[in-house]
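J.: Sharing data_19.cif (mmCIF, C-alpha atoms and all ligand atoms) below.
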```cif
data_entry
#
loop_
_atom_site.label_atom_id
_atom_site.label_comp_id
_atom_site.auth_asym_id
_atom_site.auth_seq_id
_atom_site.Cartn_x
_atom_site.Cartn_y
_atom_site.Cartn_z
CA MET A 1 -21.70 -62.79 31.17
CA THR A 2 -23.53 -66.06 30.61
CA LEU A 3 -23.32 -67.31 27.05
CA ALA A 4 -26.12 -69.87 27.40
CA GLY A 5 -28.83 -69.36 24.79
CA LYS A 6 -26.70 -67.09 22.58
CA VAL A 7 -26.30 -67.95 18.90
CA ALA A 8 -22.94 -68.04 17.11
CA VAL A 9 -22.36 -68.22 13.35
CA ILE A 10 -18.89 -69.54 12.51
CA THR A 11 -17.23 -69.89 9.10
CA GLY A 12 -14.48 -72.47 8.77
CA GLY A 13 -16.44 -74.55 11.26
CA THR A 14 -15.56 -77.95 9.85
CA SER A 15 -12.09 -78.22 11.44
CA GLY A 16 -9.29 -76.56 13.36
CA ILE A 17 -9.86 -73.29 15.20
CA GLY A 18 -13.45 -72.87 14.01
CA LEU A 19 -14.49 -76.32 15.18
CA ALA A 20 -12.68 -76.04 18.53
CA THR A 21 -14.37 -72.69 19.12
CA ALA A 22 -17.75 -74.16 18.20
CA GLU A 23 -17.21 -76.97 20.69
CA ALA A 24 -16.09 -74.61 23.47
CA LEU A 25 -19.08 -72.32 22.91
CA SER A 26 -21.45 -75.28 22.68
CA ALA A 27 -20.20 -76.53 26.05
CA ARG A 28 -21.37 -73.16 27.45
CA GLY A 29 -24.86 -73.51 25.98
CA VAL A 30 -24.33 -71.50 22.79
CA LYS A 31 -26.39 -72.51 19.74
CA LEU A 32 -24.41 -72.86 16.53
CA VAL A 33 -24.58 -72.22 12.81
CA LEU A 34 -21.50 -73.76 11.20
CA HIS A 35 -20.23 -73.23 7.66
CA GLY A 36 -17.62 -75.00 5.52
CA ARG A 37 -17.40 -76.91 2.25
CA ARG A 38 -17.29 -80.47 3.61
CA ARG A 39 -20.98 -81.29 3.93
CA GLU A 40 -20.52 -84.75 5.50
CA VAL A 41 -18.19 -83.39 8.15
CA LEU A 42 -20.65 -80.61 8.97
CA GLU A 43 -23.46 -83.15 9.27
CA GLN A 44 -21.37 -85.20 11.71
CA HIS A 45 -20.85 -82.09 13.86
CA ALA A 46 -24.58 -81.29 13.71
CA ALA A 47 -25.42 -84.83 14.86
CA ARG A 48 -23.00 -84.57 17.80
CA LEU A 49 -23.42 -80.98 19.03
CA PRO A 50 -26.76 -79.82 20.50
CA ASP A 51 -28.61 -77.00 18.68
CA CYS A 52 -26.26 -76.99 15.71
CA ALA A 53 -27.41 -75.95 12.23
CA VAL A 54 -25.07 -76.23 9.28
CA LEU A 55 -24.70 -74.76 5.81
CA ALA A 56 -22.32 -76.33 3.30
CA GLY A 57 -20.83 -74.27 0.52
CA ASP A 58 -17.99 -72.09 -0.65
CA VAL A 59 -17.49 -69.07 1.59
CA THR A 60 -16.63 -66.99 -1.49
CA ASP A 61 -20.21 -67.31 -2.78
CA HIS A 62 -21.57 -63.80 -2.36
CA ASP A 63 -24.84 -64.90 -0.81
CA THR A 64 -23.15 -66.94 1.97
CA PRO A 65 -23.31 -64.26 4.72
CA ASN A 66 -27.01 -63.53 4.15
CA ARG A 67 -27.81 -67.25 3.95
CA LEU A 68 -26.03 -67.83 7.27
CA ILE A 69 -27.89 -64.99 8.98
CA ALA A 70 -31.17 -66.27 7.55
CA LEU A 71 -30.43 -69.76 8.86
CA ALA A 72 -29.61 -68.43 12.33
CA MET A 73 -32.83 -66.39 12.40
CA GLU A 74 -34.96 -69.25 11.05
CA ARG A 75 -33.57 -71.92 13.40
CA PHE A 76 -32.85 -69.89 16.54
CA GLY A 77 -34.48 -66.47 16.07
CA ARG A 78 -31.28 -64.51 16.76
CA MET A 79 -27.56 -64.09 16.08
CA ASP A 80 -25.24 -62.80 18.81
CA ILE A 81 -21.76 -63.82 17.67
CA ALA A 82 -20.42 -63.86 14.10
CA TYR A 83 -16.96 -65.34 13.60
CA ALA A 84 -15.20 -64.85 10.24
CA ASN A 85 -12.67 -67.63 10.60
CA ALA A 86 -12.47 -69.52 7.27
CA GLY A 87 -9.06 -69.15 5.71
CA LEU A 88 -6.20 -70.77 3.90
CA ILE A 89 -2.52 -70.18 3.31
CA HIS A 90 -0.44 -70.13 0.18
CA ALA A 91 3.17 -69.24 0.87
CA ALA A 92 6.07 -69.83 -1.51
CA PRO A 93 9.20 -68.14 -2.80
CA VAL A 94 9.18 -65.87 -5.85
CA GLU A 95 10.25 -68.65 -8.21
CA SER A 96 7.44 -71.03 -7.30
CA ILE A 97 4.52 -68.89 -6.11
CA ASP A 98 1.27 -70.12 -7.70
CA LEU A 99 -0.63 -66.97 -8.61
CA ASP A 100 -3.96 -68.77 -8.96
CA ALA A 101 -3.57 -70.19 -5.45
CA LEU A 102 -2.59 -66.70 -4.26
CA SER A 103 -5.77 -65.25 -5.79
CA GLU A 104 -7.91 -67.96 -4.21
CA MET A 105 -6.37 -67.19 -0.81
CA ILE A 106 -7.14 -63.50 -1.23
CA ARG A 107 -10.74 -64.31 -2.20
CA VAL A 108 -11.24 -66.47 0.92
CA ASN A 109 -9.15 -64.57 3.48
CA VAL A 110 -10.09 -61.06 2.40
CA ASP A 111 -13.01 -60.80 -0.01
CA ALA A 112 -15.24 -63.42 1.65
CA ALA A 113 -14.17 -62.44 5.18
CA PHE A 114 -14.93 -58.76 4.48
CA ARG A 115 -18.34 -59.57 2.97
CA PHE A 116 -19.17 -61.68 6.04
CA ALA A 117 -17.92 -58.95 8.40
CA TYR A 118 -19.87 -56.11 6.77
CA THR A 119 -23.07 -58.14 6.36
CA THR A 120 -23.10 -59.36 9.95
CA ALA A 121 -22.01 -55.94 11.30
CA LYS A 122 -24.95 -54.35 9.50
CA HIS A 123 -27.30 -56.89 11.09
CA PHE A 124 -25.79 -56.31 14.54
CA LYS A 125 -25.93 -52.52 14.18
CA ALA A 126 -29.63 -52.68 13.32
CA ALA A 127 -30.20 -54.99 16.30
CA GLY A 128 -28.15 -52.74 18.63
CA SER A 129 -25.93 -55.58 19.85
CA GLY A 130 -23.62 -58.36 18.70
CA HIS A 131 -20.01 -59.46 18.63
CA LEU A 132 -18.06 -59.75 15.38
CA LEU A 133 -14.79 -61.67 15.51
CA MET A 134 -12.30 -62.30 12.74
CA THR A 135 -9.35 -64.67 12.70
CA GLY A 136 -6.26 -62.70 11.87
CA SER A 137 -2.81 -64.04 12.67
CA VAL A 138 0.46 -63.10 14.26
CA PHE A 139 1.31 -62.56 10.57
CA GLY A 140 -1.19 -59.73 10.59
CA THR A 141 1.28 -57.84 12.77
CA LYS A 142 4.59 -58.86 11.19
CA VAL A 143 5.71 -60.37 7.91
CA ARG A 144 8.16 -63.06 6.96
CA PRO A 145 9.82 -63.98 3.67
CA ASN A 146 7.80 -66.26 1.35
CA ALA A 147 4.53 -65.44 3.12
CA GLY A 148 3.95 -61.86 2.03
CA GLY A 149 0.59 -62.60 0.40
CA TYR A 150 -0.73 -64.47 3.45
CA ALA A 151 0.52 -61.77 5.82
CA ALA A 152 -1.09 -59.12 3.62
CA THR A 153 -4.47 -60.83 3.90
CA LYS A 154 -4.16 -60.82 7.68
CA TYR A 155 -2.95 -57.19 7.77
CA ALA A 156 -6.13 -56.45 5.82
CA VAL A 157 -8.20 -58.18 8.49
CA GLU A 158 -6.46 -56.10 11.18
CA ALA A 159 -7.20 -52.88 9.29
CA LEU A 160 -10.86 -53.72 8.78
CA CYS A 161 -11.36 -54.71 12.42
CA GLU A 162 -9.73 -51.51 13.64
CA ALA A 163 -11.89 -49.34 11.38
CA LEU A 164 -15.09 -51.22 12.23
CA ARG A 165 -14.29 -50.94 15.92
CA MET A 166 -14.06 -47.17 15.59
CA GLU A 167 -17.11 -46.96 13.35
CA LEU A 168 -19.27 -49.11 15.64
CA ALA A 169 -18.07 -47.78 19.00
CA GLY A 170 -21.12 -46.98 21.13
CA SER A 171 -23.49 -48.91 18.87
CA GLY A 172 -23.59 -52.00 21.07
CA VAL A 173 -21.54 -53.94 18.51
CA ARG A 174 -18.14 -55.26 19.57
CA VAL A 175 -15.35 -56.17 17.14
CA SER A 176 -12.40 -58.40 18.03
CA VAL A 177 -9.54 -59.85 16.03
CA VAL A 178 -7.99 -63.15 17.08
CA GLU A 179 -4.25 -63.42 16.30
CA PRO A 180 -2.94 -66.97 16.68
CA GLY A 181 0.65 -67.99 16.31
CA LEU A 182 1.35 -71.44 14.92
CA VAL A 183 -1.55 -73.82 15.54
CA ARG A 184 -1.58 -77.53 14.73
CA THR A 185 -4.47 -77.75 12.23
CA ASP A 186 -5.08 -78.81 8.63
CA LEU A 187 -4.04 -75.34 7.41
CA HIS A 188 -0.55 -76.49 6.45
CA ARG A 189 -1.64 -79.87 5.08
CA ASP A 190 -0.07 -79.23 1.67
CA HIS A 191 3.30 -78.12 3.01
CA ALA A 192 6.14 -80.51 2.20
CA VAL A 193 7.90 -79.69 5.47
CA ARG A 194 5.87 -79.16 8.63
CA PRO A 195 5.88 -75.48 9.70
CA GLU A 196 6.85 -76.43 13.27
CA VAL A 197 10.06 -77.85 11.80
CA VAL A 198 10.71 -74.81 9.58
CA GLN A 199 9.96 -72.38 12.41
CA ASN A 200 11.55 -74.55 15.12
CA ILE A 201 8.42 -74.66 17.25
CA PRO A 202 8.32 -78.17 18.71
CA GLN A 203 4.97 -77.62 20.42
CA PRO A 204 2.54 -75.52 18.37
CA LEU A 205 -0.78 -74.40 19.86
CA LEU A 206 -3.75 -76.72 19.72
CA PRO A 207 -7.01 -75.36 18.28
CA GLU A 208 -8.48 -75.57 21.79
CA ASP A 209 -5.87 -73.05 23.01
CA VAL A 210 -7.20 -70.46 20.55
CA ALA A 211 -10.81 -71.39 21.33
CA ARG A 212 -10.23 -70.51 25.01
CA ALA A 213 -9.12 -67.03 23.94
CA VAL A 214 -12.21 -66.57 21.79
CA VAL A 215 -14.44 -67.64 24.69
CA PHE A 216 -12.61 -65.16 26.97
CA ALA A 217 -13.35 -62.34 24.51
CA VAL A 218 -17.04 -63.15 24.00
CA GLU A 219 -17.92 -63.82 27.62
CA GLN A 220 -16.86 -60.34 28.78
CA PRO A 221 -19.73 -58.15 30.02
CA ALA A 222 -21.21 -55.75 27.44
CA HIS A 223 -19.17 -52.75 28.68
CA VAL A 224 -15.86 -54.60 28.13
CA LEU A 225 -14.18 -55.02 24.75
CA VAL A 226 -11.18 -57.24 23.98
CA PRO A 227 -10.14 -55.61 20.69
CA ARG A 228 -7.38 -58.04 19.80
CA ILE A 229 -6.11 -61.19 21.39
CA MET A 230 -2.78 -62.74 20.40
CA VAL A 231 -2.12 -66.34 21.41
CA LEU A 232 1.32 -67.82 20.79
CA PRO A 233 3.15 -71.05 21.45
CA SER A 234 5.35 -70.09 24.37
CA VAL A 235 8.51 -70.82 22.37
CA GLN A 236 7.49 -68.81 19.28
CA PRO A 237 9.94 -65.88 19.14
CA VAL A 238 7.67 -62.97 18.21
N1 LIG B 1 -3.10 -72.93 11.87
C1 LIG B 1 -2.37 -71.83 12.11
O1 LIG B 1 -1.16 -71.91 12.40
C2 LIG B 1 -3.02 -70.47 12.04
C3 LIG B 1 -2.34 -69.38 12.60
C4 LIG B 1 -2.93 -68.11 12.52
C5 LIG B 1 -4.15 -67.96 11.90
N2 LIG B 1 -4.79 -69.05 11.36
C6 LIG B 1 -6.09 -68.81 10.69
O2 LIG B 1 -7.06 -69.61 11.34
C7 LIG B 1 -8.18 -69.77 10.47
C8 LIG B 1 -8.66 -71.20 10.54
O3 LIG B 1 -7.65 -72.06 10.04
P1 LIG B 1 -7.20 -73.39 10.78
O4 LIG B 1 -5.78 -73.22 11.18
O5 LIG B 1 -8.19 -73.79 11.80
O6 LIG B 1 -7.15 -74.43 9.55
P2 LIG B 1 -8.22 -75.49 8.98
O7 LIG B 1 -8.44 -76.57 9.97
O8 LIG B 1 -7.69 -75.85 7.63
O9 LIG B 1 -9.55 -74.65 8.85
C9 LIG B 1 -9.84 -73.85 7.74
C10 LIG B 1 -11.34 -73.74 7.65
O10 LIG B 1 -11.66 -72.84 6.57
C11 LIG B 1 -12.62 -73.46 5.75
N3 LIG B 1 -12.46 -73.00 4.38
C12 LIG B 1 -11.31 -72.82 3.68
N4 LIG B 1 -11.57 -72.43 2.42
C13 LIG B 1 -12.92 -72.36 2.33
C14 LIG B 1 -13.81 -72.04 1.27
N5 LIG B 1 -13.38 -71.67 0.06
N6 LIG B 1 -15.14 -72.08 1.52
C15 LIG B 1 -15.62 -72.45 2.74
N7 LIG B 1 -14.82 -72.76 3.77
C16 LIG B 1 -13.49 -72.73 3.56
C17 LIG B 1 -12.37 -74.95 5.88
O11 LIG B 1 -13.55 -75.68 5.63
P3 LIG B 1 -13.71 -76.76 4.44
O12 LIG B 1 -12.35 -77.36 4.20
O13 LIG B 1 -14.73 -77.71 4.94
O14 LIG B 1 -14.19 -75.94 3.29
C18 LIG B 1 -11.98 -75.08 7.34
O15 LIG B 1 -13.12 -75.23 8.15
C19 LIG B 1 -7.71 -69.30 9.10
O16 LIG B 1 -8.23 -68.02 8.84
C20 LIG B 1 -6.20 -69.24 9.24
O17 LIG B 1 -5.60 -68.30 8.37
C21 LIG B 1 -4.27 -70.30 11.43
#
```
The structure in this file should be written as structure tokens.
T.:
Amino acid sequence: MTLAGKVAVITGGTSGIGLATAEALSARGVKLVLHGRRREVLEQHAARLPDCAVLAGDVTDHDTPNRLIALAMERFGRMDIAYANAGLIHAAPVESIDLDALSEMIRVNVDAAFRFAYTTAKHFKAAGSGHLLMTGSVFGTKVRPNAGGYAATKYAVEALCEALRMELAGSGVRVSVVEPGLVRTDLHRDHAVRPEVVQNIPQPLLPEDVARAVVFAVEQPAHVLVPRIMVLPSVQPV
């Protein structure tokens, strides 16, 4: 299926997986609406990528999903792909877990992602077509010590995607969850020890590796659904 002329709304579009996906879609002629907090970074992307509108703000603001849809409709007259990708990680042992950071992670990874998913799914259902994607994680299928809260947010994403897939089957709306293993991005910027060292993964994925998987899912013809797509560094023992 040709993607040229389609419109994608992506949260967490300033960096990492969201940005790499935006670039890969843009190279195939997709028009973009990107969201993130860093306004200057978004403006740089908008200046560089053709047909790219941006909205800066906190994804936990309740009006964000509707504002993003409105921007897509105003600038491009349609929305075909909605990607709930913004996220963060707070992982720590029992003695040092920061409960405020944990709550913030739950607000971004679950509350905001769910609001975005339901709002865009409603729009797609009314339109009779569209593709909703959410970034889960390999930690949405297994847990590890010290990261129970993060894994729980990604298990929640898995559960929502599965239910929405069933609910929307036959409606023309497709739902996919993207499950990366370790990716070299800014996600772990606050970690004292790099996760590739902790997990003994000398060569993590690059954001572009995940973006290729997203493109594979969205460019399938309308009768084909890729419900979940796990992408791992080849040495990650999952
Ligand atoms: N890196 C990995 O190993 C890995 C593995 C599996 C899954 N993931 C998932 O992949 C997704 C993207 O992360 P990434 O690895 O690409 O890291 P990243 O480069 O840090 O990207 C995170 C994105 O989320 C946005 N974001 C975070 N909090 C936000 C908030 N409150 N409001 C608005 N935007 C917010 C950031 O934008 P601003 O900073 O501009 O606000 C940024 O664009 C996340 O859901 C993450 O859980 C990552």
J.: All residues within 7 Å of ligand LIG 1 (chain B) are required, counting all atoms listed in the file; please report them as a PyMOL selection string.
T.: chain A and resi 11-18+35-38+57-60+85-89+108-109+135-138+179-188+207
J.: I'd like the interatomic distance between CA of Leu225 in chain A and CA of Leu132 in chain A, to a tenth of an Å.
T.: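 These atoms are spaced 11.2 Å apart.
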J.: Residues within 8 Å of range 22-27 of chain A, please, as an MDAnalysis selection string. Count all atoms listed in the file; anything in the same chain fewer than 3 positions from it doesn't count.
T.: chainID A and resid 3 10 13 18:19 30:32 34 49:50 208 211:212 215
J.: Please provide as a PyMOL selection string all residues within 12 Å of range 161-177 of chain A, with the sequence filter that same-chain residues fewer than 2 positions apart are discarded (counting only C-alpha atoms).
T.: chain A and resi 80-85+110+113-114+117-118+120-138+140-141+154-159+179-180+210+213-231
J.: Padding of 8 Å on every side, edges along x, y and z, all listed atoms of range 72-81 of chain A included: what centre and edge lengths in Å, to one decimal, does that box have, as lines of an AutoDock Vina configuration file?
T.:
```
center_x = -28.4
center_y = -67.4
center_z = 14.9
size_x = 29.2
size_y = 25.1
size_z = 23.8
```
J.: Find the residues near Arg144 in chain A: any atom within 12 Å, counting all atoms listed in the file, skip ones fewer than 4 places away on the same chain, and give them as a PyMOL selection string.
T.: chain A and resi 91-93+138-140+148-152+199+238
J.: State, in Å with one decimal place, the distance from CA of Thr119 in chain A to CA of Leu68 in chain A.
T.: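 Going from CA of Thr119 in chain A over to CA of Leu68 in chain A, I get 10.2 Å.
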J.: Measuring atom to atom with all atoms listed in the file, identify which of A:Pro233, A:Pro204, A:Gly5, A:Pro195 is nearest to Met79 in chain A.
T.: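 Of all the options, A:Gly5 lies closest to Met79 in chain A.
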J.: Rounded to one decimal, what separation in Å do you get between CA of Leu55 in chain A and CA of Val7 in chain A?
T.: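 Interatomic distance here is 14.8 Å.
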